[in-house]
file data26.cif (mmCIF, C-alpha atoms)
data_input
#
loop_
_atom_site.label_atom_id
_atom_site.label_comp_id
_atom_site.auth_asym_id
_atom_site.auth_seq_id
_atom_site.Cartn_x
_atom_site.Cartn_y
_atom_site.Cartn_z
CA SER A 1295 -5.03 9.44 -3.77
CA LEU A 1296 -3.95 5.81 -4.05
CA SER A 1297 -4.72 3.11 -6.60
CA THR A 1298 -3.51 -0.43 -7.21
CA ASP A 1299 -2.59 -1.82 -10.60
CA MET A 1300 -5.11 -4.69 -10.34
CA GLU A 1301 -8.24 -5.46 -8.36
CA CYS A 1302 -7.35 -9.10 -7.76
CA TYR A 1303 -4.11 -11.06 -7.31
CA ASP A 1304 -4.23 -14.85 -7.34
CA ASP A 1305 -2.16 -18.03 -7.36
CA ILE A 1306 -1.67 -17.74 -11.13
CA TYR A 1307 0.42 -14.63 -10.50
CA LYS A 1308 2.10 -16.10 -7.43
CA ASN A 1309 3.26 -19.13 -9.42
CA ALA A 1310 4.08 -17.27 -12.65
CA ALA A 1311 7.02 -15.24 -11.41
CA SER A 1312 8.58 -14.12 -8.18
CA ASP A 1313 8.56 -10.47 -9.21
CA ILE A 1314 4.78 -9.98 -9.45
CA SER A 1315 3.83 -7.24 -6.98
CA VAL A 1316 0.92 -5.16 -5.82
CA ILE A 1317 1.77 -1.84 -7.46
CA VAL A 1318 0.41 1.23 -5.70
CA ASP A 1319 0.38 4.58 -7.47
CA PHE A 1320 -0.03 7.59 -5.20
CA VAL A 1321 -0.45 11.34 -5.10
CA ASN A 1322 0.83 12.82 -1.83
CA CYS A 1323 0.17 16.55 -1.59
CA ASP A 1324 2.22 18.38 1.04
CA SER A 1325 4.57 15.39 1.10
CA HIS A 1326 7.15 14.70 3.82
CA PRO A 1327 10.08 12.22 3.83
CA LYS A 1328 8.48 10.25 6.68
CA ASP A 1329 5.07 9.71 5.05
CA TRP A 1330 4.48 6.02 4.36
CA ILE A 1331 2.12 3.57 2.66
CA GLY A 1332 0.80 0.47 4.39
CA ILE A 1333 -1.27 -2.55 3.42
CA TYR A 1334 -4.16 -3.30 5.77
CA ARG A 1335 -7.16 -5.59 5.83
CA ALA A 1336 -10.11 -3.89 4.11
CA SER A 1337 -12.15 -4.18 7.33
CA ASP A 1338 -9.65 -2.07 9.33
CA ASN A 1339 -10.91 1.39 10.32
CA PRO A 1340 -8.94 4.03 8.32
CA SER A 1341 -9.28 6.47 11.24
CA LYS A 1342 -7.73 4.10 13.79
CA LEU A 1343 -5.14 1.95 12.05
CA GLY A 1344 -2.68 -0.16 13.99
CA ASN A 1345 0.34 -1.98 12.60
CA PRO A 1346 0.21 -2.67 8.85
CA LEU A 1347 0.68 -6.10 7.28
CA ALA A 1348 3.31 -4.52 5.02
CA TRP A 1349 4.63 -0.98 4.60
CA VAL A 1350 7.18 1.21 2.81
CA TRP A 1351 8.28 4.83 3.04
CA ALA A 1352 6.60 6.82 0.25
CA ALA A 1353 9.85 8.74 -0.29
CA CYS A 1354 11.89 5.73 -1.43
CA GLY A 1355 9.56 2.71 -1.73
CA SER A 1356 11.44 0.72 0.92
CA THR A 1357 11.47 0.22 4.69
CA ASP A 1358 15.11 1.36 4.68
CA CYS A 1359 15.72 4.64 2.87
CA GLY A 1360 19.14 5.24 4.38
CA ASP A 1361 20.22 8.86 4.02
CA ASP A 1362 17.01 9.68 2.12
CA MET A 1363 15.14 9.94 5.46
CA THR A 1364 17.26 12.88 6.61
CA TYR A 1365 16.95 14.73 3.32
CA SER A 1366 15.09 17.96 3.98
CA GLY A 1367 14.61 19.00 0.36
CA TYR A 1368 11.94 18.26 -2.19
CA VAL A 1369 9.99 15.01 -1.88
CA ASP A 1370 8.03 13.72 -4.86
CA LYS A 1371 4.29 14.27 -4.63
CA TYR A 1372 3.65 11.49 -7.15
CA GLY A 1373 5.06 8.02 -7.09
CA THR A 1374 4.76 4.27 -7.29
CA VAL A 1375 5.63 1.69 -4.65
CA GLU A 1376 5.50 -2.11 -4.78
CA PHE A 1377 4.52 -4.80 -2.29
CA ASP A 1378 5.18 -8.53 -2.55
CA PHE A 1379 1.71 -10.01 -2.23
CA SER A 1380 2.89 -13.62 -1.89
CA SER A 1381 3.12 -13.21 1.89
CA LEU A 1382 -0.47 -11.95 2.20
CA PRO A 1383 -3.09 -14.58 3.04
CA TYR A 1384 -6.23 -14.75 0.93
CA GLY A 1385 -8.46 -11.81 1.79
CA GLU A 1386 -9.54 -8.26 1.11
CA TYR A 1387 -7.09 -5.38 1.50
CA ARG A 1388 -6.56 -1.64 1.06
CA ALA A 1389 -3.43 0.45 0.74
CA HIS A 1390 -3.38 3.56 2.95
CA LEU A 1391 -1.19 6.65 2.83
CA ILE A 1392 -0.17 7.62 6.37
CA LYS A 1393 1.18 11.11 7.00
CA HIS A 1394 4.11 11.51 9.41
CA LEU A 1395 1.87 13.53 11.76
CA TYR A 1396 -0.12 10.53 13.02
CA PRO A 1397 1.57 8.68 15.89
CA PHE A 1398 1.28 4.99 16.74
CA PRO A 1399 -0.89 3.25 17.86
CA GLU A 1400 -3.74 4.93 16.00
CA TYR A 1401 -2.53 5.94 12.58
CA GLN A 1402 -5.03 7.71 10.33
CA ALA A 1403 -5.22 7.25 6.58
CA GLU A 1404 -4.76 10.42 4.60
CA ALA A 1405 -5.83 8.54 1.45
CA SER A 1406 -6.93 4.98 0.70
CA SER A 1407 -7.09 2.70 -2.32
CA ASP A 1408 -10.15 0.80 -3.39
CA VAL A 1409 -10.39 -2.73 -2.02
CA PHE A 1410 -8.14 -5.28 -3.71
CA TYR A 1411 -8.24 -9.04 -3.29
CA VAL A 1412 -5.77 -11.87 -2.84
CA LYS A 1413 -7.53 -15.09 -3.84
CA LYS A 1414 -6.83 -18.64 -4.93
CA ILE A 1415 -8.53 -17.87 -8.26
CA CYS A 1416 -9.70 -14.46 -9.44
CA GLU A 1417 -12.79 -14.26 -11.59
CA TYR A 1418 -12.10 -12.06 -14.59
CA ARG A 1419 -14.91 -10.45 -16.54
CA ARG A 1420 -14.86 -10.19 -20.30
CA GLU A 1421 -16.20 -7.02 -21.81
#

call {"tool": "encode", "arguments": {"input": "data26.cif", "output": "structure tokens"}}
result
Amino acid sequence: SLSTDMECYDDIYKNAASDISVIVDFVNCDSHPKDWIGIYRASDNPSKLGNPLAWVWAACGSTDCGDDMTYSGYVDKYGTVEFDFSSLPYGEYRAHLIKHLYPFPEYQAEASSDVFYVKKICEYRRE
């Protein structure tokens, strides 16, 4: 399973600090060092995904894990990764967990987050 820390990210967060990120929490059963998490447009088909807008290895939270990628031991089944959302244009997105078994060009999502938004201004509801 995947979830993001917020449903909407807007210019208030972009201008507030450079370290505001889309935080994705995940559970990756039967994990492998080459499983990864990508950000895609919400309209993309989770069964036939192409190149992501952004991605990181689930094992280390980066696109460069160094020696971690050759490690054959235990890989965490639970974790958190971060994405800089300031490079994403306004729109609707999902994070997808991609298992190492699915080859390019048609990756398949093993798990997906709910839709999250990047907007000029997010509308927040008071409860």

call {"tool": "resolve_selection", "arguments": {"input": "data26.cif", "expression": "the PyMOL selection byres ((chain A and resi 1351) around 12)", "output": "tab-separated table (two decimals) with C-alpha atoms, keeping the file's coordinate frame"}}
result
chain	number	residue	atom	x	y	z
A	1322	ASN	CA	0.83	12.82	-1.83
A	1325	SER	CA	4.57	15.39	1.10
A	1326	HIS	CA	7.15	14.70	3.82
A	1327	PRO	CA	10.08	12.22	3.83
A	1328	LYS	CA	8.48	10.25	6.68
A	1329	ASP	CA	5.07	9.71	5.05
A	1330	TRP	CA	4.48	6.02	4.36
A	1331	ILE	CA	2.12	3.57	2.66
A	1332	GLY	CA	0.80	0.47	4.39
A	1348	ALA	CA	3.31	-4.52	5.02
A	1349	TRP	CA	4.63	-0.98	4.60
A	1350	VAL	CA	7.18	1.21	2.81
A	1352	ALA	CA	6.60	6.82	0.25
A	1353	ALA	CA	9.85	8.74	-0.29
A	1354	CYS	CA	11.89	5.73	-1.43
A	1355	GLY	CA	9.56	2.71	-1.73
A	1356	SER	CA	11.44	0.72	0.92
A	1357	THR	CA	11.47	0.22	4.69
A	1358	ASP	CA	15.11	1.36	4.68
A	1359	CYS	CA	15.72	4.64	2.87
A	1360	GLY	CA	19.14	5.24	4.38
A	1362	ASP	CA	17.01	9.68	2.12
A	1363	MET	CA	15.14	9.94	5.46
A	1369	VAL	CA	9.99	15.01	-1.88
A	1370	ASP	CA	8.03	13.72	-4.86
A	1373	GLY	CA	5.06	8.02	-7.09
A	1374	THR	CA	4.76	4.27	-7.29
A	1375	VAL	CA	5.63	1.69	-4.65
A	1376	GLU	CA	5.50	-2.11	-4.78
A	1377	PHE	CA	4.52	-4.80	-2.29
A	1390	HIS	CA	-3.38	3.56	2.95
A	1391	LEU	CA	-1.19	6.65	2.83
A	1392	ILE	CA	-0.17	7.62	6.37
A	1393	LYS	CA	1.18	11.11	7.00
A	1394	HIS	CA	4.11	11.51	9.41

call {"tool": "closest_residue", "arguments": {"input": "data26.cif", "among": "A:Pro1340, A:Gly1385, A:Asn1345, A:Ile1415", "to": "Gln1402 of chain A", "atoms": "all atoms listed in the file"}}
result
A:Pro1340

call {"tool": "closest_residue", "arguments": {"input": "data26.cif", "among": "A:Cys1416, A:Cys1302, A:Cys1323, A:Ile1314", "to": "Tyr1387 of chain A", "atoms": "only C-alpha atoms"}}
result
A:Cys1302

call {"tool": "atom_distance", "arguments": {"input": "data26.cif", "atom1": "atom CA of Lys1413 of chain A", "atom2": "atom CA of Asp1319 of chain A"}}
result
21.5 Å

call {"tool": "atom_distance", "arguments": {"input": "data26.cif", "atom1": "atom CA of Arg1335 of chain A", "atom2": "atom CA of Glu1404 of chain A"}}
result
16.2 Å

call {"tool": "atom_distance", "arguments": {"input": "data26.cif", "atom1": "atom CA of Gly1344 of chain A", "atom2": "atom CA of Ala1405 of chain A"}}
result
15.6 Å

call {"tool": "closest_residue", "arguments": {"input": "data26.cif", "among": "A:Leu1343, A:Ala1336, A:Ala1389, A:Met1300", "to": "Tyr1401 of chain A", "atoms": "all atoms listed in the file"}}
result
A:Leu1343

call {"tool": "closest_residue", "arguments": {"input": "data26.cif", "among": "A:Asp1378, A:Glu1400, A:Glu1417, A:Asp1408", "to": "Lys1342 of chain A", "atoms": "all atoms listed in the file"}}
result
A:Glu1400

call {"tool": "closest_residue", "arguments": {"input": "data26.cif", "among": "A:Glu1301, A:Ser1341, A:Ser1295, A:Tyr1334", "to": "Val1321 of chain A", "atoms": "all atoms listed in the file"}}
result
A:Ser1295

call {"tool": "residues_around", "arguments": {"input": "data26.cif", "residues": "Tyr1384 of chain A", "least_positions_apart": "5", "cutoff": "8 Å", "atoms": "all atoms listed in the file", "output": "JSON, numbers by chain"}}
result
{"A": [1411, 1412, 1413, 1414]}

call {"tool": "closest_residue", "arguments": {"input": "data26.cif", "among": "A:Leu1347, A:Ala1403, A:Ile1333, A:Leu1382", "to": "Tyr1303 of chain A", "atoms": "only C-alpha atoms"}}
result
A:Leu1382
